[in-house]
file my_file-v2.txt (compact mmCIF, C-alpha atoms)
# COMPACT_ATOMS: atom_id res chain seq x y z
CA MET A 1 -32.45 -61.93 160.66
CA ALA A 2 -31.67 -60.37 164.03
CA GLU A 3 -28.27 -62.06 164.26
CA LYS A 4 -26.62 -59.58 166.64
CA ILE A 5 -29.59 -59.62 169.01
CA GLU A 6 -29.60 -63.42 169.02
CA ARG A 7 -25.87 -63.48 169.75
CA TYR A 8 -26.31 -61.43 172.93
CA PHE A 9 -29.68 -62.91 173.90
CA PRO A 10 -29.39 -66.60 172.97
CA ARG A 11 -32.45 -67.68 174.96
CA LEU A 12 -35.00 -65.86 172.81
CA SER A 13 -38.14 -67.80 171.99
CA GLU A 14 -39.08 -68.42 168.37
CA ARG A 15 -41.87 -65.85 168.83
CA GLN A 16 -39.39 -63.20 170.01
CA ARG A 17 -37.06 -63.93 167.09
CA GLU A 18 -39.96 -63.45 164.70
CA GLN A 19 -40.92 -60.16 166.37
CA PHE A 20 -37.40 -58.76 166.08
CA ASP A 21 -37.21 -59.87 162.45
CA THR A 22 -40.53 -58.11 161.84
CA MET A 23 -39.12 -54.90 163.38
CA LEU A 24 -36.06 -55.11 161.15
CA ARG A 25 -38.36 -55.32 158.14
CA LEU A 26 -40.91 -52.69 159.19
CA TYR A 27 -38.75 -49.84 160.47
CA PRO A 28 -37.07 -49.18 157.07
CA GLU A 29 -40.48 -49.36 155.34
CA TRP A 30 -42.02 -46.85 157.74
CA ASN A 31 -38.92 -44.68 157.84
CA ALA A 32 -39.24 -44.09 154.11
CA LYS A 33 -42.63 -42.44 154.83
CA ILE A 34 -42.09 -40.88 158.27
CA ASN A 35 -38.58 -40.10 159.45
CA VAL A 36 -38.25 -41.70 162.89
CA ILE A 37 -34.59 -42.76 162.49
CA SER A 38 -31.89 -40.80 160.69
CA ARG A 39 -32.03 -41.88 157.04
CA LYS A 40 -28.27 -42.35 156.94
CA ASP A 41 -28.48 -44.57 160.04
CA ILE A 42 -31.34 -46.87 159.05
CA ASP A 43 -28.86 -49.43 157.68
CA ASN A 44 -27.51 -49.75 161.23
CA LEU A 45 -30.97 -50.36 162.68
CA GLU A 46 -30.25 -53.63 164.50
CA VAL A 47 -27.13 -52.48 166.38
CA ASN A 48 -27.59 -48.72 166.78
CA HIS A 49 -31.27 -48.80 167.68
CA LEU A 50 -32.69 -52.20 168.64
CA LEU A 51 -29.64 -53.62 170.39
CA HIS A 52 -28.93 -50.23 171.97
CA SER A 53 -32.44 -50.25 173.44
CA LEU A 54 -31.84 -53.75 174.80
CA ALA A 55 -28.92 -52.60 176.93
CA ILE A 56 -31.66 -51.92 179.49
CA ALA A 57 -32.55 -55.64 179.44
CA LYS A 58 -28.91 -56.47 180.19
CA PHE A 59 -28.91 -54.03 183.11
CA LEU A 60 -32.17 -55.19 184.71
CA GLN A 61 -34.62 -58.01 184.18
CA PHE A 62 -38.02 -56.43 184.82
CA SER A 63 -40.28 -58.53 187.03
CA PRO A 64 -43.54 -59.80 185.52
CA GLY A 65 -46.34 -57.34 186.17
CA SER A 66 -44.06 -54.30 186.13
CA ARG A 67 -45.20 -51.12 184.39
CA ILE A 68 -42.72 -49.12 182.32
CA LEU A 69 -43.10 -45.63 180.84
CA ASP A 70 -41.08 -44.91 177.70
CA PHE A 71 -40.63 -41.12 177.90
CA GLY A 72 -40.29 -39.49 174.46
CA THR A 73 -40.48 -42.79 172.63
CA GLY A 74 -40.43 -41.32 169.11
CA GLY A 75 -40.92 -44.31 166.83
CA GLY A 76 -40.95 -46.75 169.74
CA LEU A 77 -37.41 -46.87 171.09
CA PRO A 78 -36.44 -48.23 173.57
CA GLY A 79 -39.97 -49.37 174.43
CA LEU A 80 -40.80 -51.76 171.58
CA PRO A 81 -37.64 -53.92 171.74
CA LEU A 82 -38.08 -54.10 175.53
CA ALA A 83 -41.73 -55.10 175.10
CA VAL A 84 -40.59 -58.04 172.96
CA MET A 85 -38.02 -59.03 175.57
CA PHE A 86 -40.50 -58.75 178.48
CA PRO A 87 -43.93 -59.96 177.30
CA ASP A 88 -45.25 -60.05 180.90
CA VAL A 89 -44.46 -56.36 181.47
CA GLN A 90 -46.73 -53.47 180.45
CA PHE A 91 -45.27 -50.56 178.46
CA LEU A 92 -46.74 -47.10 177.91
CA LEU A 93 -45.10 -45.30 174.98
CA ALA A 94 -45.51 -41.53 175.23
CA ASP A 95 -44.49 -38.79 172.80
CA ARG A 96 -45.61 -35.34 171.70
CA THR A 97 -45.13 -36.12 168.00
CA GLY A 98 -48.23 -37.93 166.80
CA LYS A 99 -46.89 -39.14 163.45
CA LYS A 100 -43.86 -40.81 165.09
CA LEU A 101 -46.11 -42.42 167.70
CA LYS A 102 -48.30 -43.74 164.87
CA VAL A 103 -45.26 -45.62 163.54
CA ALA A 104 -44.67 -47.14 166.97
CA GLU A 105 -48.33 -48.18 167.22
CA GLU A 106 -48.32 -49.81 163.79
CA ILE A 107 -45.09 -51.70 164.43
CA ALA A 108 -46.40 -52.89 167.80
CA ARG A 109 -49.60 -54.08 166.12
CA GLU A 110 -47.81 -55.92 163.33
CA CYS A 111 -45.46 -57.55 165.83
CA GLY A 112 -48.48 -58.71 167.84
CA LEU A 113 -47.38 -56.88 170.99
CA THR A 114 -50.36 -56.87 173.34
CA ASN A 115 -48.38 -55.38 176.24
CA VAL A 116 -47.93 -51.95 174.62
CA GLU A 117 -50.09 -48.82 174.80
CA ALA A 118 -49.27 -45.54 173.06
CA ARG A 119 -50.26 -42.10 174.33
CA HIS A 120 -49.91 -38.88 172.38
CA GLY A 121 -49.19 -35.72 174.35
CA ASP A 122 -47.02 -34.10 176.99
CA VAL A 123 -45.58 -36.57 179.51
CA ALA A 124 -46.05 -33.90 182.19
CA GLU A 125 -49.81 -34.54 181.88
CA ILE A 126 -49.53 -38.30 182.52
CA LYS A 127 -50.63 -39.14 186.05
CA ASP A 128 -50.13 -42.95 186.00
CA LYS A 129 -47.54 -44.64 188.21
CA PHE A 130 -44.74 -46.87 186.89
CA ASP A 131 -41.96 -49.02 188.27
CA PHE A 132 -39.44 -47.47 185.89
CA VAL A 133 -39.26 -44.68 183.36
CA VAL A 134 -36.96 -45.42 180.41
CA SER A 135 -35.70 -42.97 177.83
CA ARG A 136 -33.22 -42.63 175.01
CA ALA A 137 -31.36 -39.31 174.64
CA VAL A 138 -34.44 -37.13 175.07
CA MET A 139 -33.18 -34.29 177.29
CA PRO A 140 -30.66 -33.56 180.08
CA HIS A 141 -30.97 -36.10 182.89
CA PRO A 142 -31.95 -33.68 185.71
CA ASP A 143 -34.73 -32.19 183.55
CA LEU A 144 -35.98 -35.65 182.67
CA LEU A 145 -36.12 -36.76 186.30
CA LYS A 146 -37.84 -33.54 187.36
CA ILE A 147 -40.70 -34.17 184.90
CA CYS A 148 -41.16 -37.90 185.46
CA ARG A 149 -40.44 -38.28 189.20
CA LYS A 150 -44.16 -37.98 189.93
CA ASN A 151 -44.78 -41.04 187.73
CA ILE A 152 -42.45 -43.38 189.63
CA SER A 153 -44.34 -45.66 192.00
CA ALA A 154 -43.38 -46.14 195.65
CA GLU A 155 -44.40 -49.81 195.43
CA GLN A 156 -41.34 -51.99 194.77
CA ARG A 157 -41.36 -55.26 192.83
CA ASN A 158 -37.97 -55.40 191.08
CA ALA A 159 -34.41 -56.25 192.10
CA LEU A 160 -33.50 -52.55 192.05
CA PRO A 161 -35.42 -49.61 193.55
CA ASN A 162 -37.80 -47.91 191.13
CA GLY A 163 -36.35 -45.05 189.14
CA LEU A 164 -35.24 -43.65 185.80
CA ILE A 165 -33.11 -45.58 183.28
CA ALA A 166 -31.76 -43.47 180.42
CA LEU A 167 -29.55 -44.31 177.45
CA LYS A 168 -26.95 -41.60 176.94
CA GLY A 169 -23.69 -40.83 175.17
CA GLY A 170 -20.49 -38.96 175.92
CA GLU A 171 -19.23 -37.38 179.15
CA LEU A 172 -21.97 -37.13 181.79
CA GLY A 173 -20.22 -35.70 184.86
CA ALA A 174 -21.41 -32.12 184.37
CA GLU A 175 -24.87 -33.18 183.24
CA LEU A 176 -25.54 -35.38 186.25
CA GLY A 177 -24.30 -32.85 188.78
CA ARG A 178 -25.98 -33.40 192.14
CA LEU A 179 -27.70 -36.54 190.83
CA ALA A 180 -24.34 -38.33 190.56
CA SER A 181 -24.50 -39.52 194.17
CA ARG A 182 -27.71 -41.46 193.54
CA SER A 183 -26.98 -42.53 189.99
CA GLU A 184 -25.20 -45.54 188.55
CA VAL A 185 -23.47 -45.07 185.18
CA VAL A 186 -22.80 -48.24 183.17
CA GLU A 187 -20.63 -48.49 180.07
CA ILE A 188 -22.76 -50.23 177.45
CA SER A 189 -19.53 -51.58 175.95
CA ASP A 190 -19.52 -53.89 179.02
CA TYR A 191 -22.52 -55.63 177.41
CA PHE A 192 -21.95 -55.30 173.66
CA GLN A 193 -18.70 -55.40 171.67
CA GLU A 194 -19.60 -53.28 168.62
CA ASP A 195 -17.66 -50.01 168.13
CA PHE A 196 -20.91 -48.02 168.27
CA PHE A 197 -21.15 -48.67 172.01
CA LYS A 198 -17.71 -47.36 172.98
CA THR A 199 -19.11 -43.97 174.01
CA LYS A 200 -22.60 -45.13 175.02
CA LYS A 201 -23.76 -45.25 178.61
CA LEU A 202 -26.75 -46.32 180.64
CA VAL A 203 -27.68 -44.09 183.58
CA TYR A 204 -29.86 -45.41 186.39
CA THR A 205 -31.12 -42.93 188.97
CA THR A 206 -33.37 -43.66 191.91
CA ALA A 207 -36.42 -41.49 192.31

call {"tool": "encode", "arguments": {"input": "my_file-v2.txt", "output": "structure tokens"}}
result
Amino acid sequence: MAEKIERYFPRLSERQREQFDTMLRLYPEWNAKINVISRKDIDNLEVNHLLHSLAIAKFLQFSPGSRILDFGTGGGLPGLPLAVMFPDVQFLLADRTGKKLKVAEEIARECGLTNVEARHGDVAEIKDKFDFVVSRAVMPHPDLLKICRKNISAEQRNALPNGLIALKGGELGAELGRLASRSEVVEISDYFQEDFFKTKKLVYTTA
């Protein structure tokens, strides 16, 4: 049971609860075959991976009809938990590693997520436009923005301007550099009380 998720998101529908419970069952099964989450960390799946991904849902409620690119999704994080939370939003999960993306596709299918598409390959080759790009500890923030800026749409439909939302850890001052003036850094511990989040941050940067 996704007890921690339900604590922080008490308005989940029965369908969403079932989907999160399915994820909690499937990720360990798949991880035993294809390593998408550190084996020593799989026991912390709900907090360290699913709830961590959902910090983005605490930061911003995506408007229905939005399109989101999950850059370097690996096994589907943060995209799949967000796709459960926002069934009226379309998610494209992109990654260079085909076997990890296969895990994300299978979990999406078994969860009945019809708002998810997976694409194998280099994100630099993706030409589609999105309201937001989301990512979880893939590469330094300036490098990430440089690659995906072309994918961020000029058409606005959300409460915040379109841009990049990344989940990060540790000290970010040096990494952000010149981007600091147009970035917002949020302590995820403002949303979630677990010790894991004490050093975790969400970084939002306009395109």

call {"tool": "residues_around", "arguments": {"input": "my_file-v2.txt", "residues": "Met139 of chain A", "least_positions_apart": "2", "cutoff": "12 Å", "atoms": "all atoms listed in the file", "output": "ChimeraX atom specification"}}
result
/A:71-72,135-137,141-148,166-169,175-176

call {"tool": "residues_around", "arguments": {"input": "my_file-v2.txt", "residues": "Arg7 of chain A", "least_positions_apart": "5", "cutoff": "10 Å", "atoms": "only C-alpha atoms", "output": "PyMOL selection string"}}
result
chain A and resi 2+12+192

call {"tool": "residues_around", "arguments": {"input": "my_file-v2.txt", "residues": "Ser183 of chain A", "least_positions_apart": "2", "cutoff": "9 Å", "atoms": "all atoms listed in the file", "output": "ChimeraX atom specification"}}
result
/A:176,179-181,185,203-206

call {"tool": "atom_distance", "arguments": {"input": "my_file-v2.txt", "atom1": "atom CA of Phe196 of chain A", "atom2": "atom CA of Glu46 of chain A"}}
result
11.5 Å

call {"tool": "atom_distance", "arguments": {"input": "my_file-v2.txt", "atom1": "atom CA of Asn44 of chain A", "atom2": "atom CA of Val116 of chain A"}}
result
24.5 Å

call {"tool": "atom_distance", "arguments": {"input": "my_file-v2.txt", "atom1": "atom CA of Gly121 of chain A", "atom2": "atom CA of Tyr27 of chain A"}}
result
22.4 Å

call {"tool": "closest_residue", "arguments": {"input": "my_file-v2.txt", "among": "A:Ile42, A:Leu113, A:Leu69, A:Lys100", "to": "Pro81 of chain A", "atoms": "only C-alpha atoms"}}
result
A:Leu113

call {"tool": "closest_residue", "arguments": {"input": "my_file-v2.txt", "among": "A:Val133, A:Ala207, A:Leu164, A:Leu26", "to": "Leu93 of chain A", "atoms": "only C-alpha atoms"}}
result
A:Val133

call {"tool": "residues_around", "arguments": {"input": "my_file-v2.txt", "residues": "Ser63 of chain A", "least_positions_apart": "5", "cutoff": "9 Å", "atoms": "only C-alpha atoms", "output": "PDB file with C-alpha atoms, keeping the file's coordinate frame"}}
result
ATOM      1  CA  PHE A  86     -40.500 -58.750 178.480  1.00  0.00           C
ATOM      2  CA  ASP A  88     -45.250 -60.050 180.900  1.00  0.00           C
ATOM      3  CA  VAL A  89     -44.460 -56.360 181.470  1.00  0.00           C
ATOM      4  CA  ARG A 157     -41.360 -55.260 192.830  1.00  0.00           C
ATOM      5  CA  ASN A 158     -37.970 -55.400 191.080  1.00  0.00           C
ATOM      6  CA  ALA A 159     -34.410 -56.250 192.100  1.00  0.00           C
TER       7      ALA A 159
END

call {"tool": "residues_near_point", "arguments": {"input": "my_file-v2.txt", "point": "(-25.6, -51.9, 185.6)", "cutoff": "8 Å", "atoms": "only C-alpha atoms", "output": "PyMOL selection string"}}
result
chain A and resi 58-60+184-186+202+204

call {"tool": "residues_around", "arguments": {"input": "my_file-v2.txt", "residues": "Thr114 of chain A", "least_positions_apart": "6", "cutoff": "10 Å", "atoms": "all atoms listed in the file", "output": "short mmCIF file (atom, residue, chain, number, x, y, z; two decimals) with C-alpha atoms, keeping the file's coordinate frame"}}
result
data_model
loop_
_atom_site.label_atom_id
_atom_site.label_comp_id
_atom_site.auth_asym_id
_atom_site.auth_seq_id
_atom_site.Cartn_x
_atom_site.Cartn_y
_atom_site.Cartn_z
CA ALA A 83 -41.73 -55.10 175.10
CA VAL A 84 -40.59 -58.04 172.96
CA PRO A 87 -43.93 -59.96 177.30
CA ASP A 88 -45.25 -60.05 180.90
CA GLN A 90 -46.73 -53.47 180.45
CA PHE A 91 -45.27 -50.56 178.46
CA ALA A 108 -46.40 -52.89 167.80
#

call {"tool": "closest_residue", "arguments": {"input": "my_file-v2.txt", "among": "A:Lys129, A:Lys40, A:Lys201, A:Arg119", "to": "Ile56 of chain A", "atoms": "only C-alpha atoms"}}
result
A:Lys201

call {"tool": "closest_residue", "arguments": {"input": "my_file-v2.txt", "among": "A:Leu172, A:Leu77, A:Val123, A:Ile165", "to": "Glu105 of chain A", "atoms": "only C-alpha atoms"}}
result
A:Leu77

call {"tool": "closest_residue", "arguments": {"input": "my_file-v2.txt", "among": "A:Ala124, A:Asp131, A:Arg109, A:Lys198", "to": "Thr22 of chain A", "atoms": "all atoms listed in the file"}}
result
A:Arg109

call {"tool": "closest_residue", "arguments": {"input": "my_file-v2.txt", "among": "A:Phe9, A:Arg149, A:Lys33, A:Asp21", "to": "Lys127 of chain A", "atoms": "all atoms listed in the file"}}
result
A:Arg149

call {"tool": "build_atoms", "arguments": {"input": "my_file-v2.txt", "residues": "segment 93-104 of chain A", "atoms": "all heavy atoms", "output": "CSV table (one decimal), in the coordinates of the input"}}
result
chain,number,residue,atom,x,y,z
A,93,LEU,N,-46.0,-46.1,175.9
A,93,LEU,CA,-45.1,-45.3,175.0
A,93,LEU,C,-45.7,-43.9,174.8
A,93,LEU,O,-46.8,-43.8,174.4
A,93,LEU,CB,-45.0,-46.0,173.6
A,93,LEU,CG,-43.9,-47.1,173.4
A,93,LEU,CD1,-44.1,-48.2,174.5
A,93,LEU,CD2,-44.1,-47.7,172.1
A,94,ALA,N,-45.0,-42.9,175.3
A,94,ALA,CA,-45.5,-41.5,175.2
A,94,ALA,C,-44.6,-40.6,174.4
A,94,ALA,O,-43.4,-40.7,174.5
A,94,ALA,CB,-45.6,-41.0,176.7
A,95,ASP,N,-45.2,-39.8,173.6
A,95,ASP,CA,-44.5,-38.8,172.8
A,95,ASP,C,-45.4,-37.7,172.4
A,95,ASP,O,-46.6,-37.9,172.2
A,95,ASP,CB,-43.9,-39.5,171.6
A,95,ASP,CG,-42.7,-38.7,171.0
A,95,ASP,OD1,-42.9,-37.7,170.3
A,95,ASP,OD2,-41.6,-39.0,171.4
A,96,ARG,N,-44.8,-36.5,172.2
A,96,ARG,CA,-45.6,-35.3,171.7
A,96,ARG,C,-45.9,-35.4,170.2
A,96,ARG,O,-46.8,-34.7,169.7
A,96,ARG,CB,-44.9,-34.0,172.0
A,96,ARG,CG,-44.8,-33.7,173.5
A,96,ARG,CD,-44.1,-32.4,173.6
A,96,ARG,NE,-43.7,-32.0,175.0
A,96,ARG,CZ,-43.1,-30.9,175.3
A,96,ARG,NH1,-42.7,-30.1,174.4
A,96,ARG,NH2,-42.9,-30.6,176.6
A,97,THR,N,-45.0,-36.1,169.5
A,97,THR,CA,-45.1,-36.1,168.0
A,97,THR,C,-46.0,-37.3,167.5
A,97,THR,O,-45.6,-38.4,167.5
A,97,THR,CB,-43.7,-36.2,167.4
A,97,THR,OG1,-42.9,-35.2,167.9
A,97,THR,CG2,-43.8,-36.1,165.9
A,98,GLY,N,-47.2,-36.9,167.1
A,98,GLY,CA,-48.2,-37.9,166.8
A,98,GLY,C,-47.8,-38.8,165.7
A,98,GLY,O,-48.1,-40.1,165.7
A,99,LYS,N,-47.2,-38.3,164.6
A,99,LYS,CA,-46.9,-39.1,163.4
A,99,LYS,C,-45.8,-40.2,163.8
A,99,LYS,O,-45.8,-41.3,163.3
A,99,LYS,CB,-46.5,-38.3,162.2
A,99,LYS,CG,-45.2,-37.5,162.4
A,99,LYS,CD,-45.0,-36.6,161.1
A,99,LYS,CE,-43.7,-35.8,161.3
A,99,LYS,NZ,-43.5,-35.0,160.0
A,100,LYS,N,-44.9,-39.8,164.7
A,100,LYS,CA,-43.9,-40.8,165.1
A,100,LYS,C,-44.5,-41.9,166.0
A,100,LYS,O,-44.2,-43.1,165.8
A,100,LYS,CB,-42.7,-40.1,165.9
A,100,LYS,CG,-41.8,-39.3,165.0
A,100,LYS,CD,-40.7,-38.7,165.8
A,100,LYS,CE,-39.7,-38.0,164.9
A,100,LYS,NZ,-38.5,-37.5,165.6
A,101,LEU,N,-45.4,-41.5,166.8
A,101,LEU,CA,-46.1,-42.4,167.7
A,101,LEU,C,-47.0,-43.4,166.9
A,101,LEU,O,-47.1,-44.6,167.2
A,101,LEU,CB,-47.0,-41.7,168.7
A,101,LEU,CG,-47.3,-42.4,170.0
A,101,LEU,CD1,-46.1,-42.8,170.8
A,101,LEU,CD2,-48.2,-41.5,170.9
A,102,LYS,N,-47.5,-42.9,165.8
A,102,LYS,CA,-48.3,-43.7,164.9
A,102,LYS,C,-47.4,-44.9,164.3
A,102,LYS,O,-47.9,-46.0,164.2
A,102,LYS,CB,-48.8,-42.9,163.7
A,102,LYS,CG,-49.6,-43.6,162.6
A,102,LYS,CD,-50.9,-44.2,163.1
A,102,LYS,CE,-51.7,-44.8,162.0
A,102,LYS,NZ,-52.9,-45.4,162.5
A,103,VAL,N,-46.2,-44.6,164.0
A,103,VAL,CA,-45.3,-45.6,163.5
A,103,VAL,C,-45.1,-46.7,164.6
A,103,VAL,O,-45.1,-47.9,164.4
A,103,VAL,CB,-43.9,-45.0,163.1
A,103,VAL,CG1,-42.9,-46.1,162.8
A,103,VAL,CG2,-44.1,-44.1,161.9
A,104,ALA,N,-44.8,-46.2,165.9
A,104,ALA,CA,-44.7,-47.1,167.0
A,104,ALA,C,-45.9,-48.0,167.2
A,104,ALA,O,-45.8,-49.2,167.4
A,104,ALA,CB,-44.4,-46.4,168.3
